[in-house]
Structures are given as C-alpha cells and as structure tokens.
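> Contents are compact mmCIF, C-alpha atoms and all ligand atoms; file name coords_27.txt:
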```txt
# COMPACT_ATOMS: atom_id res chain seq x y z
CA MET Z 145 107.45 -40.96 -107.05
CA LEU Z 146 108.92 -43.03 -109.89
CA THR Z 147 108.44 -41.96 -113.48
CA CYS Z 148 107.35 -44.61 -115.98
CA GLN Z 149 110.87 -44.57 -117.39
CA GLN Z 150 112.37 -45.36 -113.98
CA ALA Z 151 109.69 -47.96 -113.30
CA SER Z 152 110.39 -49.71 -116.62
CA GLN Z 153 114.09 -49.82 -115.76
CA LEU Z 154 113.39 -51.41 -112.40
CA ILE Z 155 111.03 -53.92 -113.97
CA SER Z 156 113.78 -54.99 -116.37
CA GLN Z 157 116.37 -55.14 -113.59
CA SER Z 158 114.09 -57.24 -111.42
CA LEU Z 159 114.51 -60.01 -114.02
CA ASP Z 160 118.25 -60.08 -113.36
CA HIS Z 161 118.70 -59.50 -109.66
CA PRO Z 162 116.54 -58.90 -106.59
CA LEU Z 163 115.60 -55.26 -106.10
CA SER Z 164 116.34 -53.48 -102.84
CA TRP Z 165 113.48 -53.16 -100.38
CA TYR Z 166 113.15 -49.47 -101.18
CA GLU Z 167 113.14 -50.02 -104.95
CA LEU Z 168 110.55 -52.74 -104.56
CA MET Z 169 108.24 -50.51 -102.52
CA GLN Z 170 108.56 -47.68 -105.02
CA LEU Z 171 107.87 -50.02 -107.91
CA ARG Z 172 104.83 -51.59 -106.22
CA LEU Z 173 103.40 -48.15 -105.54
CA HIS Z 174 103.89 -47.17 -109.17
CA LEU Z 175 102.37 -50.36 -110.49
CA MET Z 176 99.28 -49.92 -108.31
CA MET Z 177 98.51 -46.77 -110.21
CA CYS Z 178 99.93 -47.24 -113.68
CA GLY Z 179 98.27 -49.49 -116.24
CA ALA Z 180 100.92 -48.78 -118.88
CA CYS Z 181 103.79 -50.10 -116.76
CA ASN Z 182 101.71 -53.13 -115.78
CA ARG Z 183 101.28 -53.89 -119.44
CA PHE Z 184 105.01 -53.39 -119.96
CA ARG Z 185 105.74 -55.92 -117.24
CA LYS Z 186 103.33 -58.35 -118.84
CA GLN Z 187 105.02 -57.80 -122.22
CA LEU Z 188 108.42 -58.73 -120.80
CA ASN Z 189 107.03 -61.88 -119.23
CA VAL Z 190 105.44 -62.92 -122.51
CA LEU Z 191 108.75 -62.21 -124.27
CA LEU Z 192 110.71 -64.44 -121.94
CA VAL Z 193 108.24 -67.30 -122.09
CA GLY Z 194 108.22 -67.04 -125.88
CA LEU Z 195 112.02 -67.00 -126.16
CA ARG Z 196 112.38 -70.11 -124.04
CA LYS Z 197 109.71 -71.82 -126.08
CA ILE Z 198 111.63 -71.03 -129.27
CA ARG Z 199 114.75 -72.45 -127.65
CA THR Z 200 113.15 -75.72 -126.57
CA ASN Z 201 111.40 -76.05 -129.92
CA ILE Z 202 114.80 -76.01 -131.64
CA GLU Z 203 116.38 -78.30 -129.04
CA ASN Z 204 113.61 -80.87 -129.52
CA ASP Z 205 113.22 -80.67 -133.29
CA SER Z 206 114.80 -83.88 -134.56
CA ALA Z 207 114.44 -82.58 -138.13
CA ILE Z 208 117.23 -80.10 -137.38
CA GLN Z 209 120.51 -81.91 -137.90
CA LEU Z 210 124.15 -81.02 -138.18
CA PRO Z 211 124.49 -80.49 -141.96
CA LEU Z 212 126.36 -83.27 -143.74
CA ASP Z 213 129.01 -80.97 -145.18
CA ALA Z 214 129.68 -79.57 -141.72
CA LYS Z 215 130.01 -83.08 -140.35
CA THR Z 216 132.51 -84.00 -143.08
CA ARG Z 217 134.44 -80.82 -142.44
CA ILE Z 218 134.62 -81.52 -138.71
CA VAL Z 219 135.81 -85.09 -139.26
CA GLU Z 220 138.58 -83.80 -141.60
CA LYS Z 221 139.55 -81.17 -139.09
CA LEU Z 222 139.75 -83.73 -136.30
CA LYS Z 223 141.89 -86.01 -138.47
CA SER Z 224 144.37 -83.31 -139.45
CA ASN Z 225 144.49 -82.18 -135.86
CA GLN Z 226 145.45 -85.64 -134.69
CA HIS Z 227 148.12 -86.03 -137.35
CA SER Z 228 149.70 -82.79 -136.29
CA GLN Z 229 150.01 -83.94 -132.72
CA MET W 1270 140.64 -92.50 -129.72
CA SER W 1271 139.79 -91.22 -133.18
CA ASN W 1272 137.05 -93.81 -133.41
CA ASN W 1273 135.71 -92.47 -130.16
CA VAL W 1274 135.43 -88.97 -131.55
CA ASN W 1275 133.69 -90.13 -134.69
CA ASP W 1276 131.24 -92.04 -132.52
CA TRP W 1277 130.69 -88.96 -130.40
CA LEU W 1278 130.01 -86.89 -133.49
CA ASN W 1279 127.58 -89.48 -134.84
CA ASP W 1280 125.80 -90.02 -131.54
CA HIS W 1281 125.70 -86.48 -130.23
CA GLY W 1282 126.52 -84.15 -133.16
CA ASP W 1283 122.88 -83.38 -133.98
CA TYR W 1284 122.00 -82.83 -130.34
CA LEU W 1285 124.97 -80.48 -129.82
CA TYR W 1286 124.16 -78.64 -133.03
CA ARG W 1287 120.56 -78.03 -131.94
CA PHE W 1288 121.74 -76.95 -128.50
CA ALA W 1289 124.14 -74.44 -130.08
CA LEU W 1290 121.68 -73.26 -132.72
CA ALA W 1291 119.04 -72.58 -130.07
CA ARG W 1292 121.48 -70.26 -128.31
CA LEU W 1293 123.46 -68.68 -131.15
CA LYS W 1294 120.69 -68.46 -133.75
CA ASP W 1295 123.22 -68.72 -136.54
CA THR W 1296 123.88 -71.94 -138.44
CA HIS W 1297 127.55 -71.18 -139.20
CA GLN W 1298 128.30 -70.21 -135.63
CA ALA W 1299 126.50 -73.32 -134.40
CA GLU W 1300 128.58 -75.54 -136.71
CA ASP W 1301 131.76 -73.85 -135.52
CA ALA W 1302 130.75 -74.33 -131.91
CA VAL W 1303 130.27 -78.09 -132.47
CA GLN W 1304 133.65 -78.28 -134.21
CA GLU W 1305 135.41 -76.42 -131.41
CA THR W 1306 133.74 -78.66 -128.88
CA MET W 1307 134.97 -81.80 -130.62
CA LEU W 1308 138.50 -80.42 -130.94
CA ALA W 1309 138.56 -79.51 -127.26
CA ALA W 1310 137.17 -82.93 -126.39
CA ILE W 1311 140.08 -84.81 -128.02
CA LYS W 1312 142.72 -82.33 -126.98
CA ASN W 1313 141.78 -82.30 -123.37
CA ASN W 1314 140.21 -85.63 -122.67
CA SER W 1315 138.93 -84.90 -119.20
CA PHE W 1316 135.95 -87.18 -119.45
CA GLU W 1317 135.25 -88.84 -116.13
CA GLY W 1318 132.97 -91.81 -116.03
CA ASP W 1319 130.63 -90.17 -113.57
CA SER W 1320 128.61 -88.29 -116.19
CA SER W 1321 127.30 -89.26 -119.59
CA ILE W 1322 129.37 -88.38 -122.66
CA ARG W 1323 126.57 -86.12 -123.80
CA THR W 1324 126.55 -84.18 -120.53
CA TRP W 1325 130.31 -83.82 -120.70
CA LEU W 1326 130.28 -82.61 -124.32
CA THR W 1327 127.41 -80.23 -123.58
CA GLY W 1328 129.47 -78.76 -120.75
CA ILE W 1329 132.31 -78.02 -123.17
CA LEU W 1330 129.87 -76.63 -125.71
CA LYS W 1331 128.40 -74.20 -123.15
CA HIS W 1332 131.84 -72.67 -122.69
CA LYS W 1333 132.36 -72.44 -126.43
CA ILE W 1334 129.04 -70.63 -126.82
CA ILE W 1335 130.04 -68.11 -124.17
CA ASP W 1336 133.46 -67.67 -125.84
CA MET W 1337 131.82 -66.90 -129.16
CA GLN W 1338 129.42 -64.35 -127.69
CA ARG W 1339 132.28 -62.76 -125.79
CA LYS W 1340 134.32 -62.36 -128.98
CA LEU W 1341 131.36 -60.70 -130.65
CA ILE W 1342 130.91 -58.26 -127.81
CA ARG W 1343 134.63 -57.49 -127.52
CA GLU W 1344 135.04 -56.57 -131.15
CA GLN W 1345 134.10 -53.11 -130.03
CA PRO W 1346 134.29 -51.51 -126.58
CA VAL W 1347 130.99 -51.58 -124.77
CA SER W 1348 131.19 -47.86 -124.16
CA ASP W 1349 130.98 -47.26 -127.89
CA ILE W 1350 127.66 -48.93 -128.29
CA ILE W 1351 125.72 -47.76 -125.28
CA ASP W 1352 125.18 -44.55 -123.51
CA LEU W 1353 126.65 -45.27 -120.11
CA ASP W 1354 124.55 -42.73 -118.31
CA ALA W 1355 121.33 -44.61 -117.86
CA SER W 1356 119.41 -41.51 -116.80
CA ASN W 1357 120.36 -39.66 -119.95
CA GLU W 1358 117.35 -38.79 -122.07
CA SER W 1359 119.10 -39.86 -125.21
CA MET W 1360 119.23 -43.40 -123.88
CA ASP W 1361 116.04 -44.33 -125.68
CA ASP W 1362 113.17 -42.96 -127.63
CA PHE W 1363 110.40 -44.49 -125.61
CA PHE W 1364 109.79 -41.70 -123.08
CA ASP W 1365 109.24 -37.96 -123.11
CA LYS W 1366 111.38 -35.57 -121.10
CA THR W 1367 109.28 -36.05 -117.98
CA GLY W 1368 109.64 -39.85 -118.11
CA HIS W 1369 106.16 -40.65 -119.45
CA TRP W 1370 105.63 -43.28 -122.13
CA LEU W 1371 105.53 -41.72 -125.58
CA ASP W 1372 103.43 -44.67 -126.75
CA LYS W 1373 101.74 -46.63 -124.01
CA PRO W 1374 102.62 -50.33 -124.11
CA GLN W 1375 99.92 -52.38 -125.80
CA PHE W 1376 98.53 -55.65 -124.63
CA PHE W 1377 99.77 -58.87 -126.21
CA ASP W 1378 99.88 -62.42 -124.98
CA MET W 1379 101.13 -65.76 -126.17
CA PRO W 1380 98.33 -67.40 -128.19
CA ASP W 1381 97.09 -70.80 -126.98
CA HIS W 1382 96.11 -72.03 -130.40
CA ALA W 1383 99.02 -73.94 -131.97
CA LEU W 1384 99.03 -72.27 -135.38
CA GLU W 1385 98.68 -68.79 -133.96
CA GLN W 1386 101.32 -69.57 -131.39
CA SER W 1387 103.85 -70.62 -133.99
CA GLN W 1388 103.12 -67.42 -135.92
CA PHE W 1389 103.69 -65.41 -132.76
CA LEU W 1390 106.97 -67.21 -132.11
CA SER W 1391 108.24 -66.64 -135.62
CA VAL W 1392 107.51 -62.91 -135.32
CA LEU W 1393 109.38 -62.91 -131.99
CA ASP W 1394 112.25 -64.81 -133.57
CA ALA W 1395 112.46 -62.36 -136.48
CA CYS W 1396 112.44 -59.45 -134.02
CA MET W 1397 115.31 -61.00 -132.10
CA GLN W 1398 117.37 -61.41 -135.27
CA LYS W 1399 116.96 -57.70 -135.90
CA LEU W 1400 118.65 -56.67 -132.64
CA PRO W 1401 122.07 -55.05 -133.00
CA LYS W 1402 124.71 -57.81 -132.88
CA LYS W 1403 126.16 -57.01 -129.49
CA LEU W 1404 122.88 -56.45 -127.78
CA LYS W 1405 121.71 -59.72 -129.25
CA ALA W 1406 124.78 -61.52 -127.92
CA ILE W 1407 124.36 -60.47 -124.29
CA PHE W 1408 120.60 -60.81 -124.50
CA MET W 1409 120.90 -64.38 -125.80
CA LEU W 1410 123.21 -65.31 -122.94
CA ARG W 1411 120.87 -63.87 -120.33
CA ASP W 1412 117.35 -64.47 -121.59
CA VAL W 1413 117.80 -67.53 -123.79
CA HIS W 1414 120.80 -69.36 -122.33
CA GLU W 1415 119.62 -68.21 -118.86
CA MET W 1416 123.13 -67.54 -117.67
CA GLU W 1417 123.34 -65.80 -114.27
CA ASN W 1418 123.70 -62.05 -114.54
CA GLU W 1419 126.77 -62.10 -112.29
CA ASN W 1420 128.53 -64.65 -114.49
CA ILE W 1421 127.72 -62.64 -117.59
CA CYS W 1422 129.49 -59.62 -116.10
CA LYS W 1423 132.45 -61.75 -115.09
CA GLU W 1424 132.77 -63.63 -118.40
CA LEU W 1425 132.25 -60.59 -120.59
CA ASP W 1426 134.21 -58.31 -118.28
CA ILE W 1427 131.51 -55.65 -118.16
CA THR W 1428 130.08 -53.76 -115.21
CA PRO W 1429 126.63 -54.59 -113.82
CA THR W 1430 125.48 -51.19 -115.06
CA ASN W 1431 126.60 -51.95 -118.59
CA ALA W 1432 124.85 -55.28 -118.41
CA TRP W 1433 121.52 -53.96 -117.26
CA VAL W 1434 121.56 -51.08 -119.73
CA MET W 1435 122.21 -53.46 -122.61
CA LEU W 1436 119.58 -55.93 -121.47
CA TYR W 1437 117.08 -53.12 -120.95
CA ARG W 1438 117.69 -51.80 -124.45
CA ALA W 1439 117.37 -55.23 -126.00
CA ARG W 1440 114.11 -55.96 -124.16
CA MET W 1441 112.67 -52.53 -124.95
CA GLY W 1442 113.49 -53.01 -128.62
CA LEU W 1443 112.03 -56.49 -128.76
CA ARG W 1444 108.71 -55.67 -127.16
CA LYS W 1445 108.36 -52.64 -129.45
CA CYS W 1446 109.07 -54.83 -132.46
CA LEU W 1447 106.37 -57.26 -131.31
CA GLU W 1448 103.89 -54.42 -130.89
CA MET W 1449 104.57 -53.23 -134.41
CA ASN W 1450 104.55 -56.63 -136.07
CA TRP W 1451 102.17 -58.70 -134.00
CA VAL W 1452 99.60 -56.41 -132.41
CA LYS W 1453 97.53 -55.38 -135.38
CA GLY W 1454 96.13 -51.89 -135.17
ZN ZN Z 1501 104.16 -46.16 -115.33
```
Give the structure from the file, written as structure tokens.


Amino acid sequence: MLTCQQASQLISQSLDHPLSWYELMQLRLHLMMCGACNRFRKQLNVLLVGLRKIRTNIENDSAIQLPLDAKTRIVEKLKSNQHSQ
Amino acid sequence: MSNNVNDWLNDHGDYLYRFALARLKDTHQAEDAVQETMLAAIKNNSFEGDSSIRTWLTGILKHKIIDMQRKLIREQPVSDIIDLDASNESMDDFFDKTGHWLDKPQFFDMPDHALEQSQFLSVLDACMQKLPKKLKAIFMLRDVHEMENENICKELDITPTNAWVMLYRARMGLRKCLEMNWVKG
C-alpha cells in the first residue's frame, strides 16, 4: 500500500514519463481511497495549465517589446562583431 | 549581410524577446538571449530557404535558452542542492514520518472570470519567481518550455532521479505557495 508521500511522488513523475504497470495500479488503488492525493493531482494540473497560460499571454502580448536600449546595444554588438571578423 | 541582421532584429526582435521572456522570466536574460541569437545567426548563417526566418531564429533562440538555464544549474553541483535519497524524510516538510500529509492539499481551480483569472495567474507567477534559482531553471525547461524529460537530463547532464526530485520539489513548493497566497482561509 502506497503512502501519500509515495503517491504524490508518482503523481509528479507521471507528468514526465509513463509509469510502469505496477506503479500505475498502485497509484490507482491509492487514488480510489484518498481524497487528499486526488486534490494534489488536481492542484498540479491547475498549476500546469496556469503556467502555460502565463507563457502564451507573454508570447501574445504585443505591448511587450525588446527595450530600445537593448536593441541599440545589440546593433552595436553586431557591428563590432562584424568589424572584428 | 549587416542589413539583413538589422532587418531581422526589426522584424523579429520583439517576437524573439517575448518568446525568451516567457521562458526565462527575466528581462536581462531575455535581452541577452536575443543578442546571442543574433550573433549566432550572423556567425553561422545556416539559414535554408525551406523555413521562415522567424522559425530559423526561434530554433537558435531555443538552444540559447537551454544554454542559459544549463549555466545556471551548473554553477553549483546538483548534489549540493538536493537530497539525492528521495525516500529520505528530510527531503521535504510536507509529510509526517509515516508518509501522511501534514496539511492536506486544499482545493483550488483556475477561475473562469477574466479578472479573477488574471489575479490567479499573477499569484502563480509570483510564486514561481520565489523558487530557488536552480529549481526554477529546470522547472521552467520542463513545465513551461515543455522540453522532453529525457532531453533535459541529456542537456543538463543530470540523472533521471535528480531530474524528478528537482521537479517534484519545485511543484510541491509552487502548489503550497498557491495554497497560502490564493486559497483564502
Ligand atoms: Zn494519499
């Protein structure tokens, strides 16, 4: 029988690679009986959805632009780099 | 050639910057990543006509982002920042000695309402910024950049066990931070 600690570790690992058949069975059994670990799994899903939403919000926000001073710096850097070649 | 690069910077600089910022969460690092991308683009002009310039530049940028996270993680050996024995009780403070939750996870969900949702996301964002640097770096690669776990281990030269322990710690910390700052009593 898995402890909640072991179950939470498997839940996290299942996001990164497929669990073995045995791990999966053990985890399912635990989740059938444990509300806390079910909530934990739900929390991780919400986390991931939220993180990707933050990412796409930034990617699509046309108000976020490469700062002008950075742009100038990059152009200078490119110029000096070409001269040195 | 140099005109090309200036055009690239004008046409795609903002896009590349946003792409980098979304994954590095640091304006200076994002600016550096764009600069490195442009330098690599002129140095090693491998552009083939079969993809768009933007796709090509984004491909270079992806590598630069991984390079930067790798540097961050390598500043200190992984073994110094995590307890390698995952079963060790000292690994985290979330469970008692028998493996039961010390505090049962609380329910939270992403709000549908736009204003509430943006508040939720800014709490999540603030929580992520609070992660220890190295945990944040690997976590960003996996859960934000959505890089394959296998590639993360290869690129960062860490074992799968190290990877999952770090990701587990980052996720545990984040969801706890959300409980404390979003779920109100
Ligand atoms: Zn449980």

> Taking all atoms listed in the file into account, report as a list in words which residues of chain Z lie within 7 Å of chain W.

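On the chain Z side, the interface is Thr147, Cys148, Gln149, Gln153, Ser156, Gln157, Asp160, Ala180, Arg183, Phe184, Gln187, Val190, Leu192, Gly194, Leu195, Arg196, Ile198, Arg199, Ile202, Glu203, Ile208, Gln209, Leu210, Ala214, Ile218 and Leu222 of chain Z.
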
> Listing only residues of chain Z within 12 Å of ligand ZN 1501 (chain Z), what is the closest atom pair and its distance in Å (to one decimal) for each, using only C-alpha atoms and all ligand atoms, sorted by chain and residue number ascending, as JSON lines?


```
{"residue": "Z:Met145", "atom": "CA", "partner": "Z:ZN1501", "partner_atom": "ZN", "distance": 10.3}
{"residue": "Z:Leu146", "atom": "CA", "partner": "Z:ZN1501", "partner_atom": "ZN", "distance": 7.9}
{"residue": "Z:Thr147", "atom": "CA", "partner": "Z:ZN1501", "partner_atom": "ZN", "distance": 6.3}
{"residue": "Z:Cys148", "atom": "CA", "partner": "Z:ZN1501", "partner_atom": "ZN", "distance": 3.6}
{"residue": "Z:Gln149", "atom": "CA", "partner": "Z:ZN1501", "partner_atom": "ZN", "distance": 7.2}
{"residue": "Z:Gln150", "atom": "CA", "partner": "Z:ZN1501", "partner_atom": "ZN", "distance": 8.4}
{"residue": "Z:Ala151", "atom": "CA", "partner": "Z:ZN1501", "partner_atom": "ZN", "distance": 6.2}
{"residue": "Z:Ser152", "atom": "CA", "partner": "Z:ZN1501", "partner_atom": "ZN", "distance": 7.3}
{"residue": "Z:Gln153", "atom": "CA", "partner": "Z:ZN1501", "partner_atom": "ZN", "distance": 10.6}
{"residue": "Z:Leu154", "atom": "CA", "partner": "Z:ZN1501", "partner_atom": "ZN", "distance": 11.0}
{"residue": "Z:Ile155", "atom": "CA", "partner": "Z:ZN1501", "partner_atom": "ZN", "distance": 10.5}
{"residue": "Z:Gln170", "atom": "CA", "partner": "Z:ZN1501", "partner_atom": "ZN", "distance": 11.3}
{"residue": "Z:Leu171", "atom": "CA", "partner": "Z:ZN1501", "partner_atom": "ZN", "distance": 9.1}
{"residue": "Z:Arg172", "atom": "CA", "partner": "Z:ZN1501", "partner_atom": "ZN", "distance": 10.6}
{"residue": "Z:Leu173", "atom": "CA", "partner": "Z:ZN1501", "partner_atom": "ZN", "distance": 10.0}
{"residue": "Z:His174", "atom": "CA", "partner": "Z:ZN1501", "partner_atom": "ZN", "distance": 6.2}
{"residue": "Z:Leu175", "atom": "CA", "partner": "Z:ZN1501", "partner_atom": "ZN", "distance": 6.7}
{"residue": "Z:Met176", "atom": "CA", "partner": "Z:ZN1501", "partner_atom": "ZN", "distance": 9.3}
{"residue": "Z:Met177", "atom": "CA", "partner": "Z:ZN1501", "partner_atom": "ZN", "distance": 7.6}
{"residue": "Z:Cys178", "atom": "CA", "partner": "Z:ZN1501", "partner_atom": "ZN", "distance": 4.7}
{"residue": "Z:Gly179", "atom": "CA", "partner": "Z:ZN1501", "partner_atom": "ZN", "distance": 6.8}
{"residue": "Z:Ala180", "atom": "CA", "partner": "Z:ZN1501", "partner_atom": "ZN", "distance": 5.5}
{"residue": "Z:Cys181", "atom": "CA", "partner": "Z:ZN1501", "partner_atom": "ZN", "distance": 4.2}
{"residue": "Z:Asn182", "atom": "CA", "partner": "Z:ZN1501", "partner_atom": "ZN", "distance": 7.4}
{"residue": "Z:Arg183", "atom": "CA", "partner": "Z:ZN1501", "partner_atom": "ZN", "distance": 9.2}
{"residue": "Z:Phe184", "atom": "CA", "partner": "Z:ZN1501", "partner_atom": "ZN", "distance": 8.6}
{"residue": "Z:Arg185", "atom": "CA", "partner": "Z:ZN1501", "partner_atom": "ZN", "distance": 10.1}
```

> Give me the residues within 9 Å of Met1337 in chain W as a list in words, counting only C-alpha atoms and dropping any in the same chain fewer than 4 places off.

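Non-adjacent residues within range: Leu1293, Gln1298, Ala1302, His1332, Lys1333, Leu1341, Ile1342 and Ala1406 of chain W.
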
> Can I get the selected residues back with C-alpha atoms, as a PDB file, in the coordinates of the input?


```pdb
ATOM      1  CA  LEU W1293     123.460 -68.680-131.150  1.00  0.00           C
ATOM      2  CA  GLN W1298     128.300 -70.210-135.630  1.00  0.00           C
ATOM      3  CA  ALA W1302     130.750 -74.330-131.910  1.00  0.00           C
ATOM      4  CA  HIS W1332     131.840 -72.670-122.690  1.00  0.00           C
ATOM      5  CA  LYS W1333     132.360 -72.440-126.430  1.00  0.00           C
ATOM      6  CA  LEU W1341     131.360 -60.700-130.650  1.00  0.00           C
ATOM      7  CA  ILE W1342     130.910 -58.260-127.810  1.00  0.00           C
ATOM      8  CA  ALA W1406     124.780 -61.520-127.920  1.00  0.00           C
TER       9      ALA W1406
END
```

> Kindly give the distance, in Å, that separates CA of Asn201 in chain Z and CA of Gln1338 in chain W, rounded to a single decimal.

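Value for the CA of Asn201 in chain Z-CA of Gln1338 in chain W distance: 21.6 Å.
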
> Just to confirm, what's the straight-line distance from CA of Gly1328 in chain W to CA of Leu188 in chain Z in Å (one decimal)?

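Calculated distance between CA of Gly1328 in chain W and CA of Leu188 in chain Z is 29.1 Å.
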
> What gap, in Å, lies between CA of Ile1329 in chain W and CA of Gln1398 in chain W?

25.4 Å

> Show me the residues around (125.2, -56.9, -131.8) - criterion: an atom at most 10 Å away, only C-alpha atoms counted - as JSON, numbers by chain.

{"W": [1338, 1341, 1342, 1344, 1345, 1350, 1398, 1399, 1400, 1401, 1402, 1403, 1404, 1405, 1406, 1407, 1408, 1439]}

> Enclose range 194-208 of chain Z, meaning all of its atoms listed in the file, in a box aligned along x, y and z, pad it by 8 Å on each side, and list the centre and edge lengths in Å to one decimal, as JSON.


```
{"center_x": 112.7, "center_y": -75.4, "center_z": -131.1, "size_x": 25.0, "size_y": 32.9, "size_z": 30.1}
```

> Missing atoms in range 1409-1435 of chain W: can you complete it with N, CA and C atoms, as a JSON list (two decimals), in the frame of the given file?


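The resulting file, out_27.json, is shown below:
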```json
[["chain", "number", "residue", "atom", "x", "y", "z"],
["W", 1409, "MET", "N", 121.03, -62.92, -125.63],
["W", 1409, "MET", "CA", 120.90, -64.38, -125.80],
["W", 1409, "MET", "C", 121.47, -65.12, -124.60],
["W", 1410, "LEU", "N", 122.61, -64.65, -124.10],
["W", 1410, "LEU", "CA", 123.21, -65.31, -122.94],
["W", 1410, "LEU", "C", 122.29, -65.23, -121.73],
["W", 1411, "ARG", "N", 121.68, -64.07, -121.54],
["W", 1411, "ARG", "CA", 120.87, -63.87, -120.33],
["W", 1411, "ARG", "C", 119.47, -64.48, -120.47],
["W", 1412, "ASP", "N", 118.77, -64.12, -121.52],
["W", 1412, "ASP", "CA", 117.35, -64.47, -121.59],
["W", 1412, "ASP", "C", 117.07, -65.77, -122.33],
["W", 1413, "VAL", "N", 118.03, -66.26, -123.10],
["W", 1413, "VAL", "CA", 117.80, -67.53, -123.79],
["W", 1413, "VAL", "C", 118.64, -68.64, -123.14],
["W", 1414, "HIS", "N", 119.92, -68.38, -122.98],
["W", 1414, "HIS", "CA", 120.80, -69.36, -122.33],
["W", 1414, "HIS", "C", 120.55, -69.40, -120.82],
["W", 1415, "GLU", "N", 119.94, -68.35, -120.29],
["W", 1415, "GLU", "CA", 119.62, -68.21, -118.86],
["W", 1415, "GLU", "C", 120.86, -68.27, -117.97],
["W", 1416, "MET", "N", 121.91, -67.65, -118.46],
["W", 1416, "MET", "CA", 123.13, -67.54, -117.67],
["W", 1416, "MET", "C", 122.91, -66.50, -116.57],
["W", 1417, "GLU", "N", 123.49, -66.75, -115.38],
["W", 1417, "GLU", "CA", 123.34, -65.80, -114.27],
["W", 1417, "GLU", "C", 123.94, -64.44, -114.65],
["W", 1418, "ASN", "N", 123.25, -63.40, -114.25],
["W", 1418, "ASN", "CA", 123.70, -62.05, -114.54],
["W", 1418, "ASN", "C", 125.15, -61.81, -114.08],
["W", 1419, "GLU", "N", 125.43, -62.26, -112.87],
["W", 1419, "GLU", "CA", 126.77, -62.10, -112.29],
["W", 1419, "GLU", "C", 127.84, -62.73, -113.17],
["W", 1420, "ASN", "N", 127.56, -63.95, -113.64],
["W", 1420, "ASN", "CA", 128.53, -64.65, -114.49],
["W", 1420, "ASN", "C", 128.71, -63.95, -115.83],
["W", 1421, "ILE", "N", 127.62, -63.38, -116.33],
["W", 1421, "ILE", "CA", 127.72, -62.64, -117.59],
["W", 1421, "ILE", "C", 128.71, -61.49, -117.43],
["W", 1422, "CYS", "N", 128.57, -60.75, -116.34],
["W", 1422, "CYS", "CA", 129.49, -59.62, -116.10],
["W", 1422, "CYS", "C", 130.92, -60.11, -115.99],
["W", 1423, "LYS", "N", 131.11, -61.21, -115.30],
["W", 1423, "LYS", "CA", 132.45, -61.75, -115.09],
["W", 1423, "LYS", "C", 133.05, -62.23, -116.43],
["W", 1424, "GLU", "N", 132.27, -63.04, -117.15],
["W", 1424, "GLU", "CA", 132.77, -63.63, -118.40],
["W", 1424, "GLU", "C", 133.00, -62.58, -119.48],
["W", 1425, "LEU", "N", 132.14, -61.59, -119.53],
["W", 1425, "LEU", "CA", 132.25, -60.59, -120.59],
["W", 1425, "LEU", "C", 133.06, -59.39, -120.13],
["W", 1426, "ASP", "N", 133.43, -59.41, -118.84],
["W", 1426, "ASP", "CA", 134.21, -58.31, -118.28],
["W", 1426, "ASP", "C", 133.51, -56.97, -118.49],
["W", 1427, "ILE", "N", 132.24, -56.91, -118.11],
["W", 1427, "ILE", "CA", 131.51, -55.65, -118.16],
["W", 1427, "ILE", "C", 130.93, -55.37, -116.79],
["W", 1428, "THR", "N", 130.61, -54.12, -116.53],
["W", 1428, "THR", "CA", 130.08, -53.76, -115.21],
["W", 1428, "THR", "C", 128.59, -54.13, -115.16],
["W", 1429, "PRO", "N", 128.06, -54.31, -113.95],
["W", 1429, "PRO", "CA", 126.63, -54.59, -113.82],
["W", 1429, "PRO", "C", 125.77, -53.51, -114.48],
["W", 1430, "THR", "N", 126.24, -52.27, -114.42],
["W", 1430, "THR", "CA", 125.48, -51.19, -115.06],
["W", 1430, "THR", "C", 125.43, -51.37, -116.57],
["W", 1431, "ASN", "N", 126.59, -51.68, -117.16],
["W", 1431, "ASN", "CA", 126.60, -51.95, -118.59],
["W", 1431, "ASN", "C", 125.65, -53.08, -118.94],
["W", 1432, "ALA", "N", 125.68, -54.11, -118.13],
["W", 1432, "ALA", "CA", 124.85, -55.28, -118.41],
["W", 1432, "ALA", "C", 123.38, -54.91, -118.37],
["W", 1433, "TRP", "N", 122.96, -54.22, -117.32],
["W", 1433, "TRP", "CA", 121.52, -53.96, -117.26],
["W", 1433, "TRP", "C", 121.07, -52.98, -118.32],
["W", 1434, "VAL", "N", 121.93, -52.02, -118.68],
["W", 1434, "VAL", "CA", 121.56, -51.08, -119.73],
["W", 1434, "VAL", "C", 121.38, -51.81, -121.06],
["W", 1435, "MET", "N", 122.31, -52.72, -121.35],
["W", 1435, "MET", "CA", 122.21, -53.46, -122.61],
["W", 1435, "MET", "C", 120.99, -54.36, -122.63]]
```
